[in-house]
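work-v3.cif follows (mmCIF, C-alpha atoms):
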data_start
#
loop_
_atom_site.group_PDB
_atom_site.id
_atom_site.type_symbol
_atom_site.label_atom_id
_atom_site.label_comp_id
_atom_site.auth_asym_id
_atom_site.auth_seq_id
_atom_site.Cartn_x
_atom_site.Cartn_y
_atom_site.Cartn_z
ATOM 1 C CA MET R 1 10.551 30.557 33.183
ATOM 2 C CA GLN R 2 8.151 27.935 31.865
ATOM 3 C CA THR R 3 8.845 25.100 29.440
ATOM 4 C CA ILE R 4 7.006 24.674 26.152
ATOM 5 C CA SER R 5 7.486 21.207 24.685
ATOM 6 C CA ILE R 6 7.386 20.836 20.890
ATOM 7 C CA VAL R 7 6.605 17.223 19.924
ATOM 8 C CA VAL R 8 7.594 16.388 16.333
ATOM 9 C CA PRO R 9 6.785 12.866 15.035
ATOM 10 C CA CYS R 10 9.060 11.968 12.099
ATOM 11 C CA TYR R 11 9.216 9.177 9.557
ATOM 12 C CA ASN R 12 11.877 9.486 6.853
ATOM 13 C CA GLU R 13 12.096 13.271 7.232
ATOM 14 C CA GLU R 14 15.876 13.784 7.079
ATOM 15 C CA GLU R 15 15.409 16.596 4.537
ATOM 16 C CA ASN R 16 13.068 18.519 6.821
ATOM 17 C CA VAL R 17 14.583 18.048 10.302
ATOM 18 C CA ARG R 18 16.867 21.082 10.206
ATOM 19 C CA ASP R 19 14.497 23.214 8.140
ATOM 20 C CA PHE R 20 11.787 22.666 10.721
ATOM 21 C CA TYR R 21 14.177 23.608 13.534
ATOM 22 C CA ASP R 22 15.298 26.766 11.725
ATOM 23 C CA GLU R 23 11.684 27.794 11.058
ATOM 24 C CA LEU R 24 10.693 27.095 14.659
ATOM 25 C CA MET R 25 13.561 29.157 16.075
ATOM 26 C CA LYS R 26 12.384 32.182 14.115
ATOM 27 C CA ASN R 27 9.996 32.439 17.066
ATOM 28 C CA GLU R 28 12.914 32.962 19.457
ATOM 29 C CA SER R 29 11.748 36.458 20.349
ATOM 30 C CA PHE R 30 8.287 35.018 21.139
ATOM 31 C CA PHE R 31 9.863 32.474 23.512
ATOM 32 C CA GLU R 32 11.931 35.165 25.242
ATOM 33 C CA LYS R 33 9.060 37.637 25.492
ATOM 34 C CA ASN R 34 6.802 35.083 27.190
ATOM 35 C CA GLU R 35 9.627 33.582 29.279
ATOM 36 C CA LEU R 36 9.297 30.198 27.614
ATOM 37 C CA VAL R 37 12.082 27.634 27.272
ATOM 38 C CA PRO R 38 11.565 25.390 24.207
ATOM 39 C CA GLU R 39 11.941 21.640 24.594
ATOM 40 C CA ILE R 40 12.029 20.128 21.092
ATOM 41 C CA ILE R 41 11.299 16.399 21.034
ATOM 42 C CA TYR R 42 11.799 14.658 17.697
ATOM 43 C CA VAL R 43 10.221 11.178 17.643
ATOM 44 C CA ASP R 44 11.878 9.024 14.987
ATOM 45 C CA ASP R 45 9.288 6.425 14.047
ATOM 46 C CA GLY R 46 11.688 3.762 12.784
ATOM 47 C CA SER R 47 12.922 5.798 9.811
ATOM 48 C CA THR R 48 15.006 4.045 7.173
ATOM 49 C CA ASP R 49 16.874 7.223 6.195
ATOM 50 C CA LYS R 50 19.137 9.514 8.261
ATOM 51 C CA THR R 51 16.409 11.240 10.267
ATOM 52 C CA ALA R 52 17.888 10.156 13.616
ATOM 53 C CA ALA R 53 21.393 11.227 12.556
ATOM 54 C CA GLU R 54 20.135 14.693 11.591
ATOM 55 C CA VAL R 55 18.400 15.079 14.948
ATOM 56 C CA LYS R 56 21.598 14.041 16.741
ATOM 57 C CA LYS R 57 23.498 16.767 14.911
ATOM 58 C CA LEU R 58 20.950 19.318 16.089
ATOM 59 C CA ALA R 59 21.097 17.965 19.638
ATOM 60 C CA SER R 60 24.873 18.427 19.692
ATOM 61 C CA GLU R 61 24.327 22.104 18.813
ATOM 62 C CA ASP R 62 21.296 22.812 20.996
ATOM 63 C CA LYS R 63 20.734 21.169 24.381
ATOM 64 C CA HIS R 64 16.993 21.797 24.057
ATOM 65 C CA VAL R 65 16.708 19.247 21.217
ATOM 66 C CA HIS R 66 15.912 15.646 22.179
ATOM 67 C CA LEU R 67 15.424 12.401 20.282
ATOM 68 C CA ILE R 68 13.231 9.358 20.826
ATOM 69 C CA SER R 69 14.036 6.666 18.267
ATOM 70 C CA PHE R 70 11.808 3.590 17.856
ATOM 71 C CA THR R 71 13.050 0.074 17.154
ATOM 72 C CA ARG R 72 10.793 -0.029 14.074
ATOM 73 C CA ASN R 73 7.923 1.843 12.475
ATOM 74 C CA PHE R 74 5.035 1.810 14.964
ATOM 75 C CA GLY R 75 2.988 4.517 13.226
ATOM 76 C CA LYS R 76 2.336 8.196 13.810
ATOM 77 C CA GLU R 77 -0.153 7.547 16.608
ATOM 78 C CA ALA R 78 2.541 5.765 18.619
ATOM 79 C CA GLY R 79 4.949 8.622 17.866
ATOM 80 C CA ILE R 80 2.466 11.168 19.189
ATOM 81 C CA TYR R 81 1.868 9.161 22.354
ATOM 82 C CA ALA R 82 5.617 8.726 22.968
ATOM 83 C CA GLY R 83 6.321 12.430 22.471
ATOM 84 C CA LEU R 84 3.518 13.503 24.771
ATOM 85 C CA SER R 85 4.668 10.966 27.383
ATOM 86 C CA LYS R 86 8.234 12.311 27.391
ATOM 87 C CA SER R 87 7.263 15.993 27.324
ATOM 88 C CA THR R 88 7.827 17.957 30.528
ATOM 89 C CA GLY R 89 6.514 21.389 29.582
ATOM 90 C CA GLU R 90 3.641 23.294 31.126
ATOM 91 C CA TYR R 91 2.577 23.772 27.505
ATOM 92 C CA VAL R 92 2.898 21.141 24.777
ATOM 93 C CA ALA R 93 2.681 21.711 21.017
ATOM 94 C CA LEU R 94 2.249 18.877 18.536
ATOM 95 C CA MET R 95 3.603 19.568 15.037
ATOM 96 C CA ASP R 96 4.631 17.756 11.837
ATOM 97 C CA ALA R 97 8.212 18.037 10.609
ATOM 98 C CA ASP R 98 7.226 18.735 6.989
ATOM 99 C CA LEU R 99 6.246 22.356 7.833
ATOM 100 C CA GLN R 100 2.620 21.848 6.854
ATOM 101 C CA ASP R 101 2.036 23.005 10.425
ATOM 102 C CA PRO R 102 3.398 26.583 10.305
ATOM 103 C CA PRO R 103 5.458 27.411 13.446
ATOM 104 C CA SER R 104 4.546 31.050 12.820
ATOM 105 C CA LEU R 105 1.088 30.293 14.281
ATOM 106 C CA LEU R 106 2.515 29.512 17.725
ATOM 107 C CA PRO R 107 2.284 33.111 19.055
ATOM 108 C CA GLU R 108 -1.384 33.311 18.077
ATOM 109 C CA MET R 109 -2.032 29.903 19.621
ATOM 110 C CA PHE R 110 -0.328 30.928 22.849
ATOM 111 C CA GLU R 111 -2.664 33.916 23.103
ATOM 112 C CA GLY R 112 -5.467 31.367 23.265
ATOM 113 C CA MET R 113 -3.756 29.823 26.278
ATOM 114 C CA ARG R 114 -3.809 33.223 27.971
ATOM 115 C CA GLU R 115 -7.522 33.499 27.264
ATOM 116 C CA GLY R 116 -8.071 30.432 29.418
ATOM 117 C CA TYR R 117 -8.312 27.669 26.836
ATOM 118 C CA ASP R 118 -6.763 24.276 27.590
ATOM 119 C CA SER R 119 -6.251 23.528 23.911
ATOM 120 C CA VAL R 120 -5.778 25.663 20.814
ATOM 121 C CA ALA R 121 -6.197 23.563 17.671
ATOM 122 C CA THR R 122 -5.866 24.259 13.956
ATOM 123 C CA ARG R 123 -7.951 23.311 10.951
ATOM 124 C CA ARG R 124 -7.403 23.731 7.246
ATOM 125 C CA VAL R 125 -10.002 25.741 5.371
ATOM 126 C CA SER R 126 -8.674 24.549 2.013
ATOM 127 C CA ARG R 127 -6.959 21.454 0.651
ATOM 128 C CA LYS R 128 -4.815 23.146 -1.959
ATOM 129 C CA GLY R 129 -2.189 20.800 -3.395
ATOM 130 C CA GLU R 130 -4.017 17.669 -2.300
ATOM 131 C CA PRO R 131 -5.365 15.191 -4.896
ATOM 132 C CA PRO R 132 -9.096 15.889 -5.513
ATOM 133 C CA ILE R 133 -10.074 12.255 -4.915
ATOM 134 C CA ARG R 134 -8.394 12.309 -1.499
ATOM 135 C CA SER R 135 -10.108 15.581 -0.580
ATOM 136 C CA PHE R 136 -13.479 14.171 -1.620
ATOM 137 C CA PHE R 137 -13.175 11.044 0.507
ATOM 138 C CA ALA R 138 -11.746 13.021 3.454
ATOM 139 C CA ARG R 139 -14.820 15.252 3.549
ATOM 140 C CA ARG R 140 -17.121 12.214 3.262
ATOM 141 C CA PHE R 141 -15.290 10.594 6.172
ATOM 142 C CA TYR R 142 -15.776 13.589 8.478
ATOM 143 C CA LYS R 143 -19.488 13.773 7.618
ATOM 144 C CA LEU R 144 -19.910 10.032 8.147
ATOM 145 C CA ILE R 145 -18.136 9.778 11.485
ATOM 146 C CA ASN R 146 -19.866 12.867 12.890
ATOM 147 C CA ARG R 147 -23.245 11.355 12.051
ATOM 148 C CA MET R 148 -22.354 8.028 13.627
ATOM 149 C CA SER R 149 -20.366 9.153 16.682
ATOM 150 C CA ARG R 150 -21.175 11.346 19.672
ATOM 151 C CA THR R 151 -17.567 12.546 19.631
ATOM 152 C CA GLU R 152 -17.375 15.499 17.247
ATOM 153 C CA ILE R 153 -14.377 15.520 14.921
ATOM 154 C CA VAL R 154 -13.915 18.836 13.117
ATOM 155 C CA ASP R 155 -13.581 18.691 9.336
ATOM 156 C CA GLY R 156 -10.069 19.674 8.271
ATOM 157 C CA ALA R 157 -8.680 19.334 11.798
ATOM 158 C CA ARG R 158 -4.923 18.935 11.992
ATOM 159 C CA ASP R 159 -2.914 17.220 14.719
ATOM 160 C CA PHE R 160 -1.189 20.615 15.105
ATOM 161 C CA ARG R 161 -2.316 22.039 18.451
ATOM 162 C CA LEU R 162 -1.031 23.684 21.633
ATOM 163 C CA MET R 163 -2.152 22.123 24.923
ATOM 164 C CA THR R 164 -1.890 22.717 28.642
ATOM 165 C CA ARG R 165 -0.326 20.097 30.872
ATOM 166 C CA ARG R 166 -3.682 18.957 32.284
ATOM 167 C CA PHE R 167 -5.026 18.454 28.758
ATOM 168 C CA VAL R 168 -1.970 16.338 27.866
ATOM 169 C CA ASP R 169 -2.328 14.311 31.057
ATOM 170 C CA ALA R 170 -5.960 13.593 30.147
ATOM 171 C CA VAL R 171 -4.899 12.386 26.683
ATOM 172 C CA LEU R 172 -2.159 10.187 28.164
ATOM 173 C CA SER R 173 -4.648 8.634 30.594
ATOM 174 C CA MET R 174 -6.223 6.981 27.527
ATOM 175 C CA SER R 175 -3.508 4.397 27.013
ATOM 176 C CA GLU R 176 -5.385 2.260 24.491
ATOM 177 C CA TYR R 177 -3.349 0.379 21.875
ATOM 178 C CA ASN R 178 -5.564 1.277 18.903
ATOM 179 C CA ARG R 179 -5.291 5.059 18.901
ATOM 180 C CA PHE R 180 -7.121 7.700 16.879
ATOM 181 C CA THR R 181 -5.716 10.952 18.230
ATOM 182 C CA LYS R 182 -8.190 13.311 16.543
ATOM 183 C CA GLY R 183 -11.004 11.495 18.313
ATOM 184 C CA ILE R 184 -9.127 11.329 21.628
ATOM 185 C CA PHE R 185 -8.490 15.083 21.586
ATOM 186 C CA SER R 186 -12.218 15.663 21.185
ATOM 187 C CA TRP R 187 -13.324 12.958 23.634
ATOM 188 C CA VAL R 188 -11.352 14.321 26.621
ATOM 189 C CA GLY R 189 -13.303 17.578 26.387
ATOM 190 C CA PHE R 190 -11.918 20.855 27.814
ATOM 191 C CA GLU R 191 -12.264 24.262 26.181
ATOM 192 C CA THR R 192 -10.723 24.306 22.693
ATOM 193 C CA LYS R 193 -10.146 27.317 20.482
ATOM 194 C CA TRP R 194 -9.913 26.727 16.724
ATOM 195 C CA ILE R 195 -7.620 28.635 14.395
ATOM 196 C CA GLU R 196 -8.209 28.388 10.656
ATOM 197 C CA TYR R 197 -5.511 28.661 8.020
ATOM 198 C CA GLU R 198 -4.933 27.927 4.349
ATOM 199 C CA ASN R 199 -3.376 24.575 3.545
ATOM 200 C CA VAL R 200 0.429 24.635 3.315
ATOM 201 C CA GLU R 201 2.164 22.112 1.062
ATOM 202 C CA ARG R 202 5.042 20.112 2.518
ATOM 203 C CA LEU R 203 8.470 21.708 2.106
ATOM 204 C CA LYS R 204 10.452 18.695 0.876
ATOM 205 C CA GLY R 205 9.931 15.015 0.270
ATOM 206 C CA GLU R 206 6.700 13.120 -0.292
ATOM 207 C CA THR R 207 3.797 12.332 1.988
ATOM 208 C CA LYS R 208 3.934 8.957 3.742
ATOM 209 C CA TRP R 209 0.144 8.693 3.745
ATOM 210 C CA SER R 210 -1.095 6.698 0.758
ATOM 211 C CA PHE R 211 -4.799 6.455 -0.061
ATOM 212 C CA TRP R 212 -4.884 2.921 1.374
ATOM 213 C CA LYS R 213 -3.237 3.977 4.654
ATOM 214 C CA LEU R 214 -5.712 6.822 5.017
ATOM 215 C CA PHE R 215 -8.573 4.405 4.336
ATOM 216 C CA ILE R 216 -7.374 2.044 7.083
ATOM 217 C CA TYR R 217 -6.885 5.033 9.412
ATOM 218 C CA ALA R 218 -10.463 6.139 8.726
ATOM 219 C CA ILE R 219 -11.774 2.668 9.604
ATOM 220 C CA ASP R 220 -9.730 2.752 12.830
ATOM 221 C CA GLY R 221 -11.335 6.089 13.700
ATOM 222 C CA ILE R 222 -14.878 4.843 13.080
ATOM 223 C CA VAL R 223 -14.338 1.621 15.037
ATOM 224 C CA ALA R 224 -12.648 3.490 17.905
ATOM 225 C CA PHE R 225 -15.361 6.093 18.470
ATOM 226 C CA THR R 226 -18.688 4.592 17.487
ATOM 227 C CA THR R 227 -20.530 1.286 17.665
ATOM 228 C CA ALA R 228 -23.056 2.419 15.046
ATOM 229 C CA PRO R 229 -21.777 -0.090 12.429
ATOM 230 C CA LEU R 230 -22.738 -2.915 14.816
ATOM 231 C CA ALA R 231 -26.226 -1.432 15.099
ATOM 232 C CA ILE R 232 -26.426 -1.243 11.299
ATOM 233 C CA ALA R 233 -25.397 -4.899 11.041
ATOM 234 C CA SER R 234 -28.098 -5.846 13.559
ATOM 235 C CA PHE R 235 -30.696 -3.810 11.671
ATOM 236 C CA LEU R 236 -29.799 -5.485 8.377
ATOM 237 C CA GLY R 237 -30.036 -8.881 10.039
ATOM 238 C CA VAL R 238 -33.560 -8.158 11.312
ATOM 239 C CA LEU R 239 -34.597 -6.645 7.974
ATOM 240 C CA PHE R 240 -33.529 -9.673 5.970
ATOM 241 C CA CYS R 241 -35.151 -12.058 8.444
ATOM 242 C CA VAL R 242 -38.448 -10.230 7.873
ATOM 243 C CA LEU R 243 -37.934 -10.261 4.098
ATOM 244 C CA ALA R 244 -37.120 -13.970 4.174
ATOM 245 C CA PHE R 245 -40.303 -14.690 6.138
ATOM 246 C CA VAL R 246 -42.366 -12.656 3.643
ATOM 247 C CA LEU R 247 -40.769 -14.488 0.710
ATOM 248 C CA ILE R 248 -41.569 -17.847 2.314
ATOM 249 C CA ILE R 249 -45.233 -16.855 2.621
ATOM 250 C CA VAL R 250 -45.287 -15.605 -0.998
ATOM 251 C CA THR R 251 -43.651 -18.818 -2.222
ATOM 252 C CA ILE R 252 -46.182 -21.003 -0.391
ATOM 253 C CA ILE R 253 -49.141 -19.013 -1.727
ATOM 254 C CA ARG R 254 -47.723 -19.040 -5.254
ATOM 255 C CA LYS R 255 -47.107 -22.783 -5.150
ATOM 256 C CA THR R 256 -50.615 -23.430 -3.840
ATOM 257 C CA LEU R 257 -52.343 -21.247 -6.428
ATOM 258 C CA PHE R 258 -50.176 -21.625 -9.526
ATOM 259 C CA GLY R 259 -47.904 -24.627 -9.036
ATOM 260 C CA ASP R 260 -44.888 -24.201 -11.416
ATOM 261 C CA PRO R 261 -42.211 -25.277 -8.894
ATOM 262 C CA THR R 262 -39.222 -24.997 -11.259
ATOM 263 C CA SER R 263 -39.462 -21.349 -12.335
ATOM 264 C CA GLY R 264 -37.690 -18.460 -10.620
ATOM 265 C CA TRP R 265 -34.188 -19.875 -10.375
ATOM 266 C CA PRO R 266 -32.447 -16.642 -11.602
ATOM 267 C CA SER R 267 -34.269 -14.520 -9.020
ATOM 268 C CA LEU R 268 -33.519 -17.121 -6.347
ATOM 269 C CA VAL R 269 -29.816 -17.026 -7.135
ATOM 270 C CA CYS R 270 -29.853 -13.209 -6.976
ATOM 271 C CA ILE R 271 -31.619 -13.235 -3.606
ATOM 272 C CA ILE R 272 -29.217 -15.803 -2.144
ATOM 273 C CA SER R 273 -26.222 -13.834 -3.434
ATOM 274 C CA LEU R 274 -27.573 -10.590 -1.983
ATOM 275 C CA ILE R 275 -28.299 -12.080 1.422
ATOM 276 C CA SER R 276 -24.919 -13.834 1.498
ATOM 277 C CA GLY R 277 -23.181 -10.574 0.645
ATOM 278 C CA VAL R 278 -24.980 -8.746 3.449
ATOM 279 C CA GLN R 279 -24.093 -11.525 5.892
ATOM 280 C CA LEU R 280 -20.399 -11.338 4.958
ATOM 281 C CA PHE R 281 -20.518 -7.542 5.215
ATOM 282 C CA CYS R 282 -21.984 -7.760 8.719
ATOM 283 C CA LEU R 283 -19.434 -10.402 9.716
ATOM 284 C CA GLY R 284 -16.712 -8.076 8.472
ATOM 285 C CA ILE R 285 -18.001 -5.284 10.707
ATOM 286 C CA ILE R 286 -18.117 -7.587 13.723
ATOM 287 C CA GLY R 287 -14.652 -8.871 12.821
ATOM 288 C CA GLN R 288 -13.214 -5.344 12.908
ATOM 289 C CA TYR R 289 -14.437 -4.806 16.465
ATOM 290 C CA MET R 290 -13.239 -8.239 17.533
ATOM 291 C CA ALA R 291 -9.811 -7.584 15.995
ATOM 292 C CA LYS R 292 -9.454 -4.310 17.906
ATOM 293 C CA THR R 293 -10.520 -6.026 21.124
ATOM 294 C CA TYR R 294 -8.013 -8.811 20.442
ATOM 295 C CA MET R 295 -5.175 -6.306 20.074
ATOM 296 C CA GLU R 296 -6.207 -4.475 23.250
ATOM 297 C CA VAL R 297 -6.344 -7.560 25.467
ATOM 298 C CA LYS R 298 -2.851 -8.590 24.355
ATOM 299 C CA ASN R 299 -1.669 -5.525 26.268
ATOM 300 C CA ARG R 300 1.386 -5.038 24.081
ATOM 301 C CA PRO R 301 3.394 -1.805 24.476
ATOM 302 C CA ILE R 302 2.374 0.986 22.121
ATOM 303 C CA TYR R 303 6.021 1.453 21.077
ATOM 304 C CA LEU R 304 9.569 0.292 21.869
ATOM 305 C CA VAL R 305 12.507 2.696 22.123
ATOM 306 C CA ARG R 306 15.878 1.950 20.551
ATOM 307 C CA GLU R 307 17.626 5.043 21.855
ATOM 308 C CA GLU R 308 16.677 8.224 23.638
ATOM 309 C CA PHE R 309 18.463 11.381 24.695
#

Conversion result in structure tokens:
Amino acid sequence: MQTISIVVPCYNEEENVRDFYDELMKNESFFEKNELVPEIIYVDDGSTDKTAAEVKKLASEDKHVHLISFTRNFGKEAGIYAGLSKSTGEYVALMDADLQDPPSLLPEMFEGMREGYDSVATRRVSRKGEPPIRSFFARRFYKLINRMSRTEIVDGARDFRLMTRRFVDAVLSMSEYNRFTKGIFSWVGFETKWIEYENVERLKGETKWSFWKLFIYAIDGIVAFTTAPLAIASFLGVLFCVLAFVLIIVTIIRKTLFGDPTSGWPSLVCIISLISGVQLFCLGIIGQYMAKTYMEVKNRPIYLVREEF
């Protein structure tokens, strides 16, 4: 018998905890057929509802259910890292509790394991039910980061994937504080098989990902896996130095030939404003990288556990 660990990060998902478990256990015949023992690890990311209490109820009924509860909300990335760290299975699946990651795909994903893949990942081929503005910016993000980074991140990729133990160990070896799991999964390499499926809307409750949170997450991903923005800032700096030098020459020639020293104030103000804006933009880019470095060198723990069983 081999163990298959199911890691389920949760934040205020009390309505979905049992429904997810019930849906997952519909694969009981699949587990038995392949001699797999499920290890279900719910990671409560500092929920303010009764998520932890619901998991405890399940754990009292099924010894294969476990709980890791954080002292506060550390974010989904920390929840993923904690769940992977505590998993013991030869195979590890990462899934959301809202059932947007259909447990019914597990048998097909496991077939990929038998074909020799170290990772079987999923991607959405549609974004049905998602606000159009969010879908638009999501697609722009994937195109942008794939142009700027050498680490390919597949458009529509979900965190939902099945991994071998050596793949998980490789992911855990990257113990950085600022985590972008989609990029980490791609960076570690290994053979990955992709399974496409239509988007599934969450069963109950509301998404915890606002547009602003997704925007910050996108910035984290860009900063974590490419230094191209720093190169852009350097290029803009050189470009405006050249332009400034040209403008100085033009100003000198104009003054020598035509005089008129007081004209041109509106254009001068516009130029100064433009250059100042570019400078602040470049400083902002540099500041993002410095901030991430600052957080890394503090060497704080990625998460803190309140209770675990």

Subject >> For Asn34 of chain R, the nearest of the candidates R:Arg114, R:Lys50, R:Arg72, R:Arg123, counting all atoms listed in the file >> reply: R:Arg114

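With distances taken over all atoms listed in the file, R:Phe309 is the one residue among R:Lys292, R:Leu243, R:Phe309, R:Asn178 lying closest to Leu58 of chain R.
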
**OP:** Would you kindly return, as a PyMOL selection string, each protein, DNA or RNA residue with an atom no farther than 7 Å from any atom of segment 191-198 of chain R, considering all atoms listed in the file and excluding same-chain residues fewer than 2 positions away?
**Re:** chain R and resi 112+117-126+189+200

Original post:
Any idea what's packed within 12 Å of Tyr81 of chain R, counting all atoms listed in the file, ignoring anything in its chain fewer than 5 positions away? Could you give it as JSON, numbers by chain?
Top reply: {"R": [7, 8, 9, 41, 43, 45, 68, 74, 75, 76, 86, 87, 94, 168, 169, 170, 171, 172, 173, 174, 175, 176, 177, 178, 179, 180, 181, 184, 185, 301, 302, 303, 304]}

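Selecting by distance to (11.9, 20.9, 24.9) with a limit of 10 Å and using all atoms listed in the file, one obtains R:Thr3, R:Ile4, R:Ser5, R:Ile6, R:Val7, R:Val37, R:Pro38, R:Glu39, R:Ile40, R:Ile41, R:Tyr42, R:Lys63, R:His64, R:Val65, R:His66, R:Lys86, R:Ser87, R:Thr88, R:Gly89, R:Val92.
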
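For the pair atom CA of Ile232 of chain R and atom CA of Val154 of chain R, the separation is 23.7 Å.
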
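Relative to atom CA of Asp22 of chain R, atom CA of Ala97 of chain R is found at 11.3 Å.
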
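Here atom CA of Gln100 of chain R stands at a distance of 20.6 Å from atom CA of Gly183 of chain R.
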
Subject >> Surrounding residues of Ala53 of chain R excluding itself and chain neighbours under 2 positions, 12 Å, only C-alpha atoms, as a VMD selection string >> reply: chain R and resid 12 to 15 17 to 18 42 44 47 to 51 55 to 60 66 to 69 307

Print the selection's residues with C-alpha atoms to a file, as a CSV table (one decimal), in the frame of the given file.
chain,number,residue,atom,x,y,z
R,12,ASN,CA,11.9,9.5,6.9
R,13,GLU,CA,12.1,13.3,7.2
R,14,GLU,CA,15.9,13.8,7.1
R,15,GLU,CA,15.4,16.6,4.5
R,17,VAL,CA,14.6,18.0,10.3
R,18,ARG,CA,16.9,21.1,10.2
R,42,TYR,CA,11.8,14.7,17.7
R,44,ASP,CA,11.9,9.0,15.0
R,47,SER,CA,12.9,5.8,9.8
R,48,THR,CA,15.0,4.0,7.2
R,49,ASP,CA,16.9,7.2,6.2
R,50,LYS,CA,19.1,9.5,8.3
R,51,THR,CA,16.4,11.2,10.3
R,55,VAL,CA,18.4,15.1,14.9
R,56,LYS,CA,21.6,14.0,16.7
R,57,LYS,CA,23.5,16.8,14.9
R,58,LEU,CA,21.0,19.3,16.1
R,59,ALA,CA,21.1,18.0,19.6
R,60,SER,CA,24.9,18.4,19.7
R,66,HIS,CA,15.9,15.6,22.2
R,67,LEU,CA,15.4,12.4,20.3
R,68,ILE,CA,13.2,9.4,20.8
R,69,SER,CA,14.0,6.7,18.3
R,307,GLU,CA,17.6,5.0,21.9

Taking all atoms of segment 36-45 of chain R that appear in the file, build a box with edges along x, y and z, extend it by 3 Å on every side, and state its centre and edge lengths in Å to one decimal, as JSON.
{"center_x": 10.7, "center_y": 18.3, "center_z": 20.8, "size_x": 8.8, "size_y": 29.8, "size_z": 19.6}

**OP:** Measuring atom to atom with only C-alpha atoms, identify which of R:Gly237, R:Arg300, R:Met95, R:Phe70 is nearest to Val278 of chain R.
**Re:** R:Gly237

Original post:
Taking into account all atoms listed in the file, which residue in the set R:Leu99, R:Ile275, R:Met163, R:Ile249 is nearest to Glu23 of chain R?
Top reply: R:Leu99
